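K.L.:
Enclosed is the structure file protein.txt (compact mmCIF, C-alpha atoms and all ligand atoms).
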# COMPACT_ATOMS: atom_id res chain seq x y z
CA MET A 1 4.61 -4.23 90.16
CA ASN A 2 4.14 -7.33 92.30
CA PRO A 3 0.71 -8.96 91.95
CA GLN A 4 -1.59 -9.08 94.99
CA PRO A 5 -0.49 -11.90 97.31
CA LEU A 6 -2.70 -14.98 97.31
CA THR A 7 -4.51 -15.65 100.58
CA ALA A 8 -3.67 -19.03 102.10
CA SER A 9 -4.67 -21.39 104.89
CA VAL A 10 -3.27 -24.60 106.35
CA ILE A 11 -5.18 -27.62 107.69
CA GLY A 12 -3.18 -29.75 110.15
CA CYS A 13 -0.36 -27.79 111.78
CA GLY A 14 2.20 -30.32 113.00
CA THR A 15 5.62 -30.77 111.43
CA GLY A 16 4.38 -30.82 107.83
CA GLY A 17 1.83 -28.04 108.30
CA ARG A 18 4.43 -25.79 109.92
CA LEU A 19 6.67 -26.18 106.88
CA SER A 20 3.80 -24.73 104.83
CA LEU A 21 2.98 -22.02 107.40
CA GLU A 22 6.59 -20.85 107.54
CA ALA A 23 6.96 -21.00 103.76
CA LEU A 24 3.76 -19.00 103.23
CA SER A 25 4.71 -16.35 105.73
CA ALA A 26 8.23 -16.00 104.24
CA SER A 27 6.99 -15.68 100.66
CA PRO A 28 5.86 -12.34 99.18
CA HIS A 29 3.46 -14.28 96.93
CA PHE A 30 1.19 -15.27 99.82
CA ARG A 31 -0.66 -13.89 102.80
CA ILE A 32 -1.33 -16.55 105.42
CA VAL A 33 -4.71 -15.83 106.99
CA ALA A 34 -6.05 -19.00 108.64
CA ALA A 35 -5.12 -22.37 110.05
CA THR A 36 -6.95 -25.40 111.44
CA ASP A 37 -5.74 -27.88 113.99
CA LEU A 38 -7.68 -30.27 116.20
CA ARG A 39 -5.43 -29.50 119.17
CA PRO A 40 -6.19 -26.27 121.12
CA GLU A 41 -2.57 -25.94 122.32
CA VAL A 42 -1.37 -25.95 118.70
CA ARG A 43 -3.91 -23.24 117.80
CA ALA A 44 -2.81 -21.11 120.78
CA SER A 45 0.86 -21.28 119.83
CA LEU A 46 0.10 -20.52 116.16
CA GLU A 47 -1.83 -17.38 117.14
CA GLN A 48 1.18 -16.19 119.13
CA GLU A 49 3.64 -16.97 116.38
CA PHE A 50 1.79 -15.72 113.28
CA SER A 51 0.24 -12.34 113.99
CA GLY A 52 -3.30 -11.86 112.70
CA LEU A 53 -3.75 -15.59 111.96
CA ARG A 54 -7.31 -16.86 112.53
CA THR A 55 -7.40 -20.40 113.88
CA PHE A 56 -10.12 -23.03 113.83
CA GLY A 57 -10.71 -26.46 115.39
CA SER A 58 -12.40 -27.89 112.32
CA HIS A 59 -11.58 -27.46 108.65
CA GLN A 60 -15.29 -27.17 107.76
CA ASP A 61 -15.55 -24.09 110.02
CA MET A 62 -12.42 -22.59 108.52
CA LEU A 63 -13.56 -23.16 104.92
CA ALA A 64 -16.99 -21.65 105.73
CA HIS A 65 -15.76 -18.60 107.67
CA CYS A 66 -12.38 -17.86 106.16
CA PRO A 67 -12.23 -18.99 102.51
CA THR A 68 -8.82 -18.53 100.85
CA ASP A 69 -7.23 -18.71 97.41
CA VAL A 70 -4.91 -21.55 98.45
CA VAL A 71 -5.39 -24.37 100.96
CA CYS A 72 -2.61 -26.64 102.26
CA VAL A 73 -3.75 -30.06 103.50
CA SER A 74 -1.20 -31.40 105.97
CA THR A 75 -3.07 -33.77 108.24
CA TYR A 76 -2.21 -37.48 108.31
CA ALA A 77 -2.68 -39.36 105.05
CA PRO A 78 -5.96 -41.18 105.95
CA SER A 79 -7.84 -37.85 106.28
CA HIS A 80 -6.47 -36.19 103.10
CA GLU A 81 -9.28 -37.39 100.82
CA SER A 82 -12.25 -36.11 102.81
CA ILE A 83 -10.52 -32.78 103.56
CA VAL A 84 -9.45 -32.24 99.93
CA LEU A 85 -12.96 -33.03 98.70
CA ASP A 86 -14.38 -30.45 101.14
CA ALA A 87 -11.73 -27.86 100.19
CA ILE A 88 -12.31 -28.10 96.45
CA GLU A 89 -15.97 -27.18 96.98
CA LEU A 90 -14.72 -23.75 98.02
CA PRO A 91 -15.60 -21.28 95.21
CA SER A 92 -12.62 -19.08 96.18
CA LEU A 93 -10.09 -21.90 95.80
CA ARG A 94 -7.46 -21.33 93.09
CA GLY A 95 -4.77 -23.83 94.07
CA ILE A 96 -4.05 -26.59 96.57
CA LEU A 97 -1.07 -28.21 98.29
CA VAL A 98 -1.61 -31.79 99.44
CA GLU A 99 1.06 -33.41 101.61
CA LYS A 100 2.65 -36.69 100.71
CA PRO A 101 1.59 -39.46 100.87
CA LEU A 102 -1.37 -38.22 98.84
CA ALA A 103 -3.54 -40.68 100.77
CA ASP A 104 -3.23 -43.86 102.83
CA ILE A 105 -4.38 -46.03 99.92
CA ALA A 106 -3.67 -45.61 96.23
CA ILE A 107 -7.30 -45.52 95.15
CA ALA A 108 -7.98 -42.57 97.45
CA GLY A 109 -4.93 -40.79 96.00
CA ARG A 110 -6.32 -41.39 92.51
CA ARG A 111 -9.74 -39.96 93.56
CA ILE A 112 -8.04 -36.87 95.01
CA LEU A 113 -6.13 -36.31 91.77
CA SER A 114 -9.22 -36.84 89.59
CA ALA A 115 -11.32 -34.43 91.65
CA ILE A 116 -8.62 -31.73 91.53
CA LYS A 117 -8.01 -32.24 87.81
CA SER A 118 -11.71 -32.09 87.02
CA ARG A 119 -11.68 -28.56 88.49
CA ARG A 120 -8.43 -27.78 86.62
CA LEU A 121 -7.01 -26.61 89.94
CA PRO A 122 -3.24 -26.14 90.15
CA MET A 123 -1.81 -28.58 92.70
CA VAL A 124 1.54 -29.36 94.30
CA VAL A 125 2.81 -32.19 96.48
CA PRO A 126 5.85 -30.95 98.43
CA HIS A 127 8.50 -33.57 97.64
CA GLY A 128 11.49 -31.59 98.88
CA LEU A 129 14.17 -33.28 96.75
CA ARG A 130 12.49 -31.83 93.65
CA THR A 131 13.55 -28.38 94.82
CA ARG A 132 17.10 -29.13 96.00
CA ALA A 133 20.25 -28.40 93.99
CA THR A 134 21.91 -31.77 94.68
CA ALA A 135 18.97 -33.96 93.69
CA LEU A 136 18.19 -31.85 90.60
CA GLN A 137 21.83 -31.94 89.45
CA VAL A 138 21.95 -35.73 89.94
CA ILE A 139 18.74 -36.15 87.92
CA GLU A 140 20.12 -33.96 85.15
CA ARG A 141 23.42 -35.87 84.97
CA VAL A 142 21.64 -39.23 84.89
CA LEU A 143 19.12 -38.16 82.24
CA HIS A 144 22.01 -36.78 80.13
CA GLY A 145 23.76 -40.16 80.24
CA GLU A 146 26.73 -38.98 82.31
CA ILE A 147 26.92 -42.38 84.06
CA GLY A 148 25.96 -44.29 80.91
CA GLU A 149 22.72 -46.20 80.89
CA LEU A 150 21.15 -46.26 84.34
CA ARG A 151 20.91 -49.82 85.67
CA SER A 152 19.98 -49.49 89.33
CA ILE A 153 19.20 -47.09 92.15
CA GLU A 154 19.88 -48.45 95.58
CA ILE A 155 18.49 -46.60 98.60
CA GLN A 156 19.29 -47.25 102.24
CA CYS A 157 17.17 -45.28 104.70
CA ASP A 158 17.68 -45.53 108.45
CA LYS A 159 14.91 -44.70 110.99
CA TRP A 160 12.20 -44.12 108.38
CA ASP A 161 9.63 -46.25 106.57
CA LEU A 162 8.64 -46.71 102.96
CA LEU A 163 5.33 -44.82 103.02
CA ASN A 164 6.42 -41.72 104.91
CA ALA A 165 10.01 -41.12 103.74
CA GLY A 166 10.44 -43.78 101.06
CA ILE A 167 7.71 -42.08 99.06
CA HIS A 168 10.00 -39.04 98.63
CA TRP A 169 12.79 -41.40 97.50
CA LEU A 170 10.49 -43.23 95.07
CA ASP A 171 9.33 -39.93 93.61
CA PHE A 172 13.02 -39.08 93.08
CA CYS A 173 13.57 -42.48 91.37
CA LEU A 174 10.69 -41.74 89.01
CA ALA A 175 12.19 -38.36 88.13
CA ALA A 176 15.68 -39.87 87.61
CA THR A 177 14.24 -42.52 85.27
CA GLY A 178 12.25 -40.04 83.17
CA GLU A 179 8.99 -41.38 84.67
CA SER A 180 9.44 -44.71 82.84
CA PRO A 181 6.46 -46.93 83.69
CA ILE A 182 6.81 -49.42 86.54
CA VAL A 183 6.43 -53.10 85.67
CA THR A 184 6.75 -55.08 88.92
CA VAL A 185 7.19 -54.64 92.66
CA LEU A 186 8.33 -57.33 95.09
CA ALA A 187 8.80 -56.64 98.80
CA ALA A 188 9.47 -58.27 102.14
CA CYS A 189 8.60 -56.67 105.47
CA ASP A 190 9.52 -57.49 109.06
CA THR A 191 6.77 -56.14 111.32
CA SER A 192 7.97 -57.55 114.64
CA THR A 193 8.13 -54.24 116.57
CA ARG A 194 4.64 -52.97 115.54
CA THR A 195 6.16 -49.58 114.66
CA TYR A 196 3.80 -46.74 113.73
CA ARG A 197 4.69 -43.35 112.30
CA ASP A 198 2.65 -40.33 111.10
CA GLY A 199 -0.68 -42.01 111.78
CA MET A 200 0.20 -45.23 109.92
CA GLN A 201 1.31 -48.75 110.83
CA VAL A 202 4.72 -49.20 109.20
CA GLU A 203 7.43 -51.83 108.81
CA THR A 204 10.23 -52.57 111.27
CA VAL A 205 12.48 -53.19 108.27
CA ALA A 206 11.58 -53.76 104.65
CA VAL A 207 13.15 -54.17 101.27
CA THR A 208 11.23 -53.12 98.17
CA TYR A 209 12.43 -54.21 94.74
CA VAL A 210 10.97 -52.27 91.84
CA GLU A 211 11.60 -52.85 88.13
CA ASN A 212 10.63 -50.42 85.40
CA VAL A 213 9.96 -50.91 81.72
CA SER A 214 13.61 -50.12 80.83
CA GLY A 215 14.85 -52.78 83.24
CA VAL A 216 16.12 -50.29 85.85
CA ARG A 217 16.03 -51.78 89.35
CA MET A 218 15.13 -49.60 92.34
CA ILE A 219 16.00 -51.29 95.59
CA VAL A 220 14.78 -49.50 98.70
CA GLN A 221 15.77 -50.65 102.17
CA THR A 222 13.78 -48.85 104.89
CA GLY A 223 13.05 -49.24 108.57
CA ASP A 224 13.87 -48.56 112.18
CA VAL A 225 17.46 -49.80 112.10
CA ILE A 226 19.27 -49.88 108.77
CA SER A 227 23.03 -49.90 108.70
CA VAL A 228 23.93 -47.56 105.87
CA ASN A 229 27.08 -48.77 104.15
CA THR A 230 28.70 -45.37 103.64
CA PRO A 231 29.99 -44.44 107.11
CA GLY A 232 28.33 -41.48 108.83
CA LYS A 233 25.24 -41.37 106.58
CA LYS A 234 21.61 -42.00 107.58
CA THR A 235 20.23 -42.05 104.05
CA LEU A 236 22.02 -43.14 100.92
CA PHE A 237 21.22 -43.15 97.21
CA ARG A 238 23.57 -45.06 94.91
CA LEU A 239 22.85 -44.74 91.20
CA VAL A 240 24.76 -47.22 89.08
CA GLY A 241 25.07 -46.82 85.33
CA THR A 242 27.03 -48.63 82.62
CA ALA A 243 29.68 -45.88 82.75
CA GLY A 244 29.68 -44.54 86.27
CA ILE A 245 28.26 -44.23 89.76
CA ILE A 246 26.71 -41.34 91.65
CA GLU A 247 26.09 -41.39 95.38
CA PHE A 248 24.25 -38.81 97.49
CA TRP A 249 22.74 -38.72 100.94
CA GLY A 250 19.11 -37.61 101.04
CA TRP A 251 18.66 -34.05 102.25
CA GLU A 252 22.43 -33.44 102.57
CA ASN A 253 23.87 -31.03 99.99
CA GLY A 254 26.57 -32.68 97.87
CA TYR A 255 27.22 -35.89 95.95
CA SER A 256 30.08 -38.04 94.73
CA ILE A 257 30.49 -39.01 91.11
CA LEU A 258 32.76 -41.51 89.36
CA ASN A 259 32.59 -41.50 85.56
CA THR A 260 34.71 -40.85 82.50
CA GLN A 261 34.93 -37.14 83.36
CA TYR A 262 35.95 -37.92 86.96
CA PRO A 263 37.75 -41.29 86.72
CA ALA A 264 39.23 -40.93 90.22
CA GLY A 265 35.88 -39.85 91.68
CA GLN A 266 34.89 -36.35 92.72
CA THR A 267 32.74 -34.84 95.46
CA ILE A 268 30.64 -31.95 94.20
CA VAL A 269 28.74 -29.58 96.50
CA PRO A 270 26.42 -27.42 94.40
CA GLN A 271 25.27 -23.98 95.48
CA GLU A 272 21.87 -24.51 97.16
CA PHE A 273 18.96 -22.51 95.71
CA PRO A 274 17.94 -19.41 97.69
CA VAL A 275 14.36 -20.76 97.80
CA PHE A 276 13.74 -24.50 98.21
CA GLY A 277 11.42 -26.93 99.98
CA HIS A 278 7.79 -26.04 100.68
CA ARG A 279 8.30 -22.39 99.76
CA ARG A 280 9.62 -23.32 96.30
CA HIS A 281 6.68 -25.69 95.74
CA LEU A 282 4.19 -23.04 96.88
CA GLU A 283 5.77 -20.41 94.63
CA ILE A 284 5.51 -22.86 91.71
CA LEU A 285 1.84 -23.22 92.65
CA ALA A 286 1.47 -19.42 92.60
CA GLU A 287 3.03 -19.33 89.09
CA GLN A 288 0.60 -21.99 87.89
CA ILE A 289 -2.34 -20.09 89.36
CA ARG A 290 -1.25 -16.83 87.72
CA SER A 291 -0.57 -18.41 84.34
CA GLY A 292 -3.74 -20.53 84.47
CA THR A 293 -1.72 -23.63 83.50
CA PRO A 294 -1.86 -26.47 86.02
CA ASP A 295 0.98 -28.98 85.74
CA TYR A 296 0.09 -32.38 87.15
CA ARG A 297 3.41 -34.16 86.46
CA LEU A 298 4.57 -33.96 90.07
CA PRO A 299 1.21 -35.00 91.60
CA GLU A 300 1.08 -37.91 89.09
CA SER A 301 4.59 -39.00 90.06
CA SER A 302 3.61 -38.80 93.73
CA GLN A 303 0.58 -40.97 92.97
CA THR A 304 2.81 -43.55 91.21
CA ALA A 305 5.14 -43.51 94.23
CA LEU A 306 2.10 -44.20 96.44
CA GLU A 307 1.11 -47.07 94.12
CA ILE A 308 4.61 -48.55 94.48
CA CYS A 309 4.27 -48.37 98.28
CA GLU A 310 0.88 -50.06 98.14
CA ALA A 311 2.22 -52.69 95.72
CA ALA A 312 5.05 -53.39 98.19
CA PHE A 313 2.57 -53.96 101.03
CA LEU A 314 0.36 -56.17 98.80
CA SER A 315 3.42 -58.13 97.69
CA TRP A 316 4.32 -58.87 101.31
CA GLN A 317 0.71 -59.59 102.32
CA HIS A 318 0.00 -61.99 99.44
CA ARG A 319 3.54 -63.40 98.99
CA CYS A 320 3.63 -62.47 95.32
CA GLN A 321 5.21 -60.15 92.80
CA VAL A 322 2.79 -57.31 91.97
CA ARG A 323 2.51 -56.35 88.31
CA PHE A 324 1.49 -52.88 87.21
CA PRO A 325 -0.95 -51.34 86.50
CA LEU A 326 -1.83 -51.71 90.15
CA ALA A 327 -5.54 -51.16 89.44
CA SER A 328 -5.62 -54.57 87.66
CA PHE A 329 -3.90 -56.46 90.46
CA VAL A 330 -5.76 -59.57 91.61
CA PRO A 331 -4.27 -61.38 94.61
CA PRO A 332 -3.31 -65.03 93.94
CA SER A 333 -4.91 -67.84 95.96
CA PRO A 334 -3.11 -68.44 99.25
CA SER A 335 -0.16 -70.84 98.79
CA ASP A 336 1.44 -73.38 101.12
CA TRP A 337 4.58 -73.53 98.93
CA GLN A 338 7.69 -73.08 101.09
CA PRO A 339 10.94 -72.27 99.28
CA GLY A 340 13.72 -74.21 100.98
CA LYS A 341 11.52 -77.16 101.93
CA ALA A 342 12.12 -80.56 100.27
CA TYR A 343 9.82 -81.19 97.30
CA SER A 344 7.87 -84.36 98.02
CA GLY A 345 7.28 -85.25 94.36
CA VAL A 346 3.51 -84.81 94.71
CA GLY A 347 1.20 -81.86 95.05
CA GLY A 348 1.60 -80.29 91.61
CA GLY A 349 3.78 -77.30 90.90
CA ARG A 350 6.04 -76.41 87.97
CA ASP A 351 9.27 -78.18 87.08
CA GLY A 352 11.86 -75.40 87.28
CA ARG A 353 14.25 -77.35 85.00
CA LYS A 354 11.75 -77.23 82.16
CA LEU A 355 11.07 -73.51 81.85
CA ALA A 356 10.54 -72.37 78.30
N1 LIG B 1 6.71 -32.92 102.71
C1 LIG B 1 7.41 -33.04 103.82
O1 LIG B 1 8.61 -32.81 103.83
C2 LIG B 1 6.71 -33.42 105.10
C3 LIG B 1 7.35 -33.26 106.33
C4 LIG B 1 6.65 -33.62 107.48
C5 LIG B 1 5.37 -34.17 107.39
N2 LIG B 1 4.79 -34.32 106.16
C6 LIG B 1 3.45 -34.90 106.02
O2 LIG B 1 2.52 -34.10 106.72
C7 LIG B 1 1.43 -34.91 107.17
C8 LIG B 1 1.27 -34.72 108.68
O3 LIG B 1 2.43 -35.23 109.33
P1 LIG B 1 3.14 -34.41 110.50
O4 LIG B 1 4.53 -34.90 110.59
O5 LIG B 1 2.91 -32.94 110.32
O6 LIG B 1 2.31 -34.94 111.75
P2 LIG B 1 2.14 -34.21 113.15
O7 LIG B 1 1.70 -35.23 114.13
O8 LIG B 1 3.38 -33.43 113.49
O9 LIG B 1 0.97 -33.17 112.91
C9 LIG B 1 -0.29 -33.50 112.44
C10 LIG B 1 -1.21 -32.37 112.94
O10 LIG B 1 -2.45 -32.48 112.26
C11 LIG B 1 -3.49 -32.24 113.21
N3 LIG B 1 -4.69 -32.90 112.69
C12 LIG B 1 -4.91 -34.24 112.52
N4 LIG B 1 -6.10 -34.45 111.93
C13 LIG B 1 -6.64 -33.23 111.72
C14 LIG B 1 -7.86 -32.78 111.15
N5 LIG B 1 -8.76 -33.64 110.68
N6 LIG B 1 -8.09 -31.44 111.11
C15 LIG B 1 -7.17 -30.57 111.60
N7 LIG B 1 -6.01 -30.94 112.15
C16 LIG B 1 -5.73 -32.24 112.20
C17 LIG B 1 -2.96 -32.83 114.51
O11 LIG B 1 -3.62 -32.27 115.63
C18 LIG B 1 -1.48 -32.45 114.43
O12 LIG B 1 -1.21 -31.19 115.03
C19 LIG B 1 1.78 -36.34 106.78
O13 LIG B 1 1.11 -36.66 105.58
C20 LIG B 1 3.30 -36.29 106.61
O14 LIG B 1 3.79 -37.29 105.74
C21 LIG B 1 5.45 -33.96 105.03
For the file at hand, write its structure as structure tokens.
P.N.:
Amino acid sequence: MNPQPLTASVIGCGTGGRLSLEALSASPHFRIVAATDLRPEVRASLEQEFSGLRTFGSHQDMLAHCPTDVVCVSTYAPSHESIVLDAIELPSLRGILVEKPLADIAIAGRRILSAIKSRRLPMVVPHGLRTRATALQVIERVLHGEIGELRSIEIQCDKWDLLNAGIHWLDFCLAATGESPIVTVLAACDTSTRTYRDGMQVETVAVTYVENVSGVRMIVQTGDVISVNTPGKKTLFRLVGTAGIIEFWGWENGYSILNTQYPAGQTIVPQEFPVFGHRRHLEILAEQIRSGTPDYRLPESSQTALEICEAAFLSWQHRCQVRFPLASFVPPSPSDWQPGKAYSGVGGGRDGRKLA
């Protein structure tokens, strides 16, 4: 016999919130009962679309008048912390979905995680690649050494920024490297167009260079106009190992592999899972609730991905390489040193021909 469905609500019902609403209404494990959005026109259309749904203009009202077993927080990143802290006060709450990026700043993401963990509440962050056949098969092949020792992951991502899409890609990199700790992050950003996206100021173009403890390089090129060097693709992942290469293209199903098993290269299109994306994450949440065993590996990886994003922005802001752990980062004093300018012979510095 199927267990009683868990009651659920969603806060923030734009693109991300709708992915949760649709997933909850399609899944037999949930009954969607309430939603909050600041915009009256959004509430009106939700009431038409999801029969019996109660809507609210403030999350405090919704939590007070319509408490649920599960809450999905899908507003913009800067409001996640205050909303999550309100939601976890709810005695009825048994599990929570928090959208990526967990927060706008890493320390707020860490506070969200600590508060949720201290209640031992099951939690998911819906990084879609973690539920897709292609990405999971690529991770498995890499972790099983099918392209030898992984040396680098190059990502090219057109029309999206590091914090909003790159964070999915960084979470994938962490999974494909067995969550090996990050050592340094170095980044450069062009901000000339003052682009904003999903409630955040973002880069026009940026390159983020991440190195982990095993020496794997993750090189992420993001921004408004990136020319992806496999024709016809908008997003590209290229994983290079000592004995092969795998390439895949973000959300697209399929990948190419060149290794000892496929010396001439092969395109493989795996069968997609019947349930993926937000619904898969929410059903994993339901399993964790029912078994009473929260698993924080994915939220922790998402937090590390957020820390890499923040480290990239700090690197650009302070013109320095950022060493992990991020919590110990202290910005260097401002420097007038200009690579490419003639060295006058005075003014201190370090003789680069006499490095130990
Ligand atoms: N995991 C994914 O695949 C995925 C996909 C899309 C968006 N997202 C994430 O979802 C979040 C929202 O982005 P979006 O694309 O849905 O933006 P959006 O602009 O489409 O929608 C945001 C909605 O939240 C509402 N809102 C804002 N503050 C609110 C508050 N305090 N209380 C109630 N409602 C509030 C707005 O009125 C709006 O309808 C972001 O963190 C984004 O990164 C994730």
K.L.:
Mind dumping a table of every chain A residue within 6 Å of ligand LIG 1 (chain B), with the nearest atom pair and its distance in Å to one decimal, using all atoms listed in the file, sorted by chain and rising number, as JSON lines?
P.N.:
{"residue": "A:Ile11", "atom": "CA", "partner": "B:LIG1", "partner_atom": "C15", "distance": 5.3}
{"residue": "A:Gly12", "atom": "CA", "partner": "B:LIG1", "partner_atom": "O10", "distance": 3.5}
{"residue": "A:Cys13", "atom": "CA", "partner": "B:LIG1", "partner_atom": "O12", "distance": 4.8}
{"residue": "A:Gly14", "atom": "CA", "partner": "B:LIG1", "partner_atom": "O9", "distance": 3.1}
{"residue": "A:Thr15", "atom": "CA", "partner": "B:LIG1", "partner_atom": "O5", "distance": 3.6}
{"residue": "A:Gly16", "atom": "CA", "partner": "B:LIG1", "partner_atom": "C5", "distance": 3.5}
{"residue": "A:Gly17", "atom": "CA", "partner": "B:LIG1", "partner_atom": "O5", "distance": 5.4}
{"residue": "A:Thr36", "atom": "CA", "partner": "B:LIG1", "partner_atom": "C15", "distance": 5.2}
{"residue": "A:Asp37", "atom": "CA", "partner": "B:LIG1", "partner_atom": "N7", "distance": 3.6}
{"residue": "A:Leu38", "atom": "CA", "partner": "B:LIG1", "partner_atom": "N7", "distance": 4.4}
{"residue": "A:Arg39", "atom": "CA", "partner": "B:LIG1", "partner_atom": "O11", "distance": 4.8}
{"residue": "A:Ser58", "atom": "CA", "partner": "B:LIG1", "partner_atom": "N6", "distance": 5.7}
{"residue": "A:His59", "atom": "CA", "partner": "B:LIG1", "partner_atom": "N6", "distance": 5.8}
{"residue": "A:Ser74", "atom": "CA", "partner": "B:LIG1", "partner_atom": "C7", "distance": 4.5}
{"residue": "A:Thr75", "atom": "CA", "partner": "B:LIG1", "partner_atom": "O10", "distance": 4.3}
{"residue": "A:Tyr76", "atom": "CA", "partner": "B:LIG1", "partner_atom": "O13", "distance": 4.4}
{"residue": "A:Ala77", "atom": "CA", "partner": "B:LIG1", "partner_atom": "O13", "distance": 4.7}
{"residue": "A:Glu99", "atom": "CA", "partner": "B:LIG1", "partner_atom": "O13", "distance": 5.1}
{"residue": "A:Lys100", "atom": "CA", "partner": "B:LIG1", "partner_atom": "O13", "distance": 5.1}
{"residue": "A:Pro101", "atom": "CA", "partner": "B:LIG1", "partner_atom": "O13", "distance": 5.5}
{"residue": "A:Pro126", "atom": "CA", "partner": "B:LIG1", "partner_atom": "N1", "distance": 4.8}
{"residue": "A:His127", "atom": "CA", "partner": "B:LIG1", "partner_atom": "N1", "distance": 5.4}
{"residue": "A:Gly128", "atom": "CA", "partner": "B:LIG1", "partner_atom": "O1", "distance": 5.9}
{"residue": "A:Asn164", "atom": "CA", "partner": "B:LIG1", "partner_atom": "O14", "distance": 5.2}
{"residue": "A:Asp198", "atom": "CA", "partner": "B:LIG1", "partner_atom": "O3", "distance": 5.4}
K.L.:
Would you kindly return, as a list in words, each protein, DNA or RNA residue with an atom no farther than 10 Å from any atom of Pro91 (chain A), considering all atoms listed in the file and excluding same-chain residues fewer than 3 positions away?
P.N.:
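My reading of the contact set: Pro67, Thr68, Asp69, Ala87, Ile88 and Arg94 of chain A.
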K.L.:
By how many Å are CA of Pro270 (chain A) and CA of Glu22 (chain A) apart?
P.N.:
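These atoms are spaced 24.7 Å apart.
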K.L.:
Measure the distance from CA of Val220 (chain A) to CA of Gly166 (chain A) in Å and round it to one decimal.
P.N.:
7.6 Å
K.L.:
Restricting the calculation to only C-alpha atoms: of A:Lys117, A:Trp249, A:Tyr296, A:Gln317, which residue gets closest to Pro231 (chain A)?
P.N.:
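Of the candidates, the smallest distance to Pro231 (chain A) is held by A:Trp249.
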K.L.:
Skip Glu149 (chain A) itself and residues of its chain fewer than 2 positions away, then list as a list in words all residues within 12 Å of it, counting all atoms listed in the file.
P.N.:
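Returned residues: Arg141, Val142, Leu143, His144, Gly145, Glu146, Ile147, Arg151, Ser152, Ile153, Ala176, Thr177, Ser214, Gly215, Val216, Leu239, Val240, Gly241, Thr242, Ala243, Gly244, Ile245 and Asn259 of chain A.
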K.L.:
Calculated over all atoms listed in the file, which of the candidates A:Ala286, A:Cys309, A:Ala175, A:Val269 has the smallest distance to Leu121 (chain A)?
P.N.:
A:Ala286
K.L.:
Suppose you want the space between CA of Ala8 (chain A) and CA of Pro28 (chain A); what is it in Å?
P.N.:
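Distance reported for this atom pair: 12.0 Å.
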K.L.:
In the coordinates of the file, take the point (6.2, -58.1, 87.8) and a cut-off of 12 Å; then, counting all atoms listed in the file, name each qualifying protein, DNA or RNA residue as a list in words.
P.N.:
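The answer, in the requested form, is Pro181, Ile182, Val183, Thr184, Val185, Leu186, Ala187, Tyr209, Val210, Glu211, Asn212, Val213, Gly215, Arg217, Ile308, Ala311, Ala312, Ser315, Cys320, Gln321, Val322, Arg323, Phe324, Pro325, Leu326 and Phe329 of chain A.
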K.L.:
Would you kindly return, as a PyMOL selection string, each protein, DNA or RNA residue with an atom no farther than 12 Å from any atom of Phe56 (chain A), considering all atoms listed in the file and excluding same-chain residues fewer than 5 positions away?
P.N.:
chain A and resi 9-13+33-44+46-47+61-66
K.L.:
Start from the incomplete input, build N, CA and C atoms for region 120-131 of chain A, and deliver everything as a CSV table (one decimal), in the frame of the given file.
P.N.:
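Output (selection.csv):
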chain,number,residue,atom,x,y,z
A,120,ARG,N,-9.6,-28.4,87.2
A,120,ARG,CA,-8.4,-27.8,86.6
A,120,ARG,C,-7.7,-26.9,87.6
A,121,LEU,N,-7.7,-27.4,88.9
A,121,LEU,CA,-7.0,-26.6,89.9
A,121,LEU,C,-5.5,-26.9,90.0
A,122,PRO,N,-4.7,-25.9,89.9
A,122,PRO,CA,-3.2,-26.1,90.2
A,122,PRO,C,-3.0,-26.8,91.5
A,123,MET,N,-2.1,-27.8,91.5
A,123,MET,CA,-1.8,-28.6,92.7
A,123,MET,C,-0.3,-28.9,92.8
A,124,VAL,N,0.2,-28.9,94.1
A,124,VAL,CA,1.5,-29.4,94.3
A,124,VAL,C,1.6,-30.4,95.5
A,125,VAL,N,2.5,-31.3,95.4
A,125,VAL,CA,2.8,-32.2,96.5
A,125,VAL,C,4.3,-31.9,96.9
A,126,PRO,N,4.5,-31.5,98.1
A,126,PRO,CA,5.8,-31.0,98.4
A,126,PRO,C,6.9,-32.0,98.7
A,127,HIS,N,7.3,-32.7,97.6
A,127,HIS,CA,8.5,-33.6,97.6
A,127,HIS,C,9.8,-32.7,97.6
A,128,GLY,N,10.4,-32.6,98.7
A,128,GLY,CA,11.5,-31.6,98.9
A,128,GLY,C,12.7,-31.8,97.9
A,129,LEU,N,13.0,-33.1,97.6
A,129,LEU,CA,14.2,-33.3,96.8
A,129,LEU,C,14.0,-32.6,95.4
A,130,ARG,N,12.7,-32.5,95.0
A,130,ARG,CA,12.5,-31.8,93.6
A,130,ARG,C,12.9,-30.4,93.6
A,131,THR,N,13.2,-29.8,94.8
A,131,THR,CA,13.6,-28.4,94.8
A,131,THR,C,15.0,-28.2,95.3
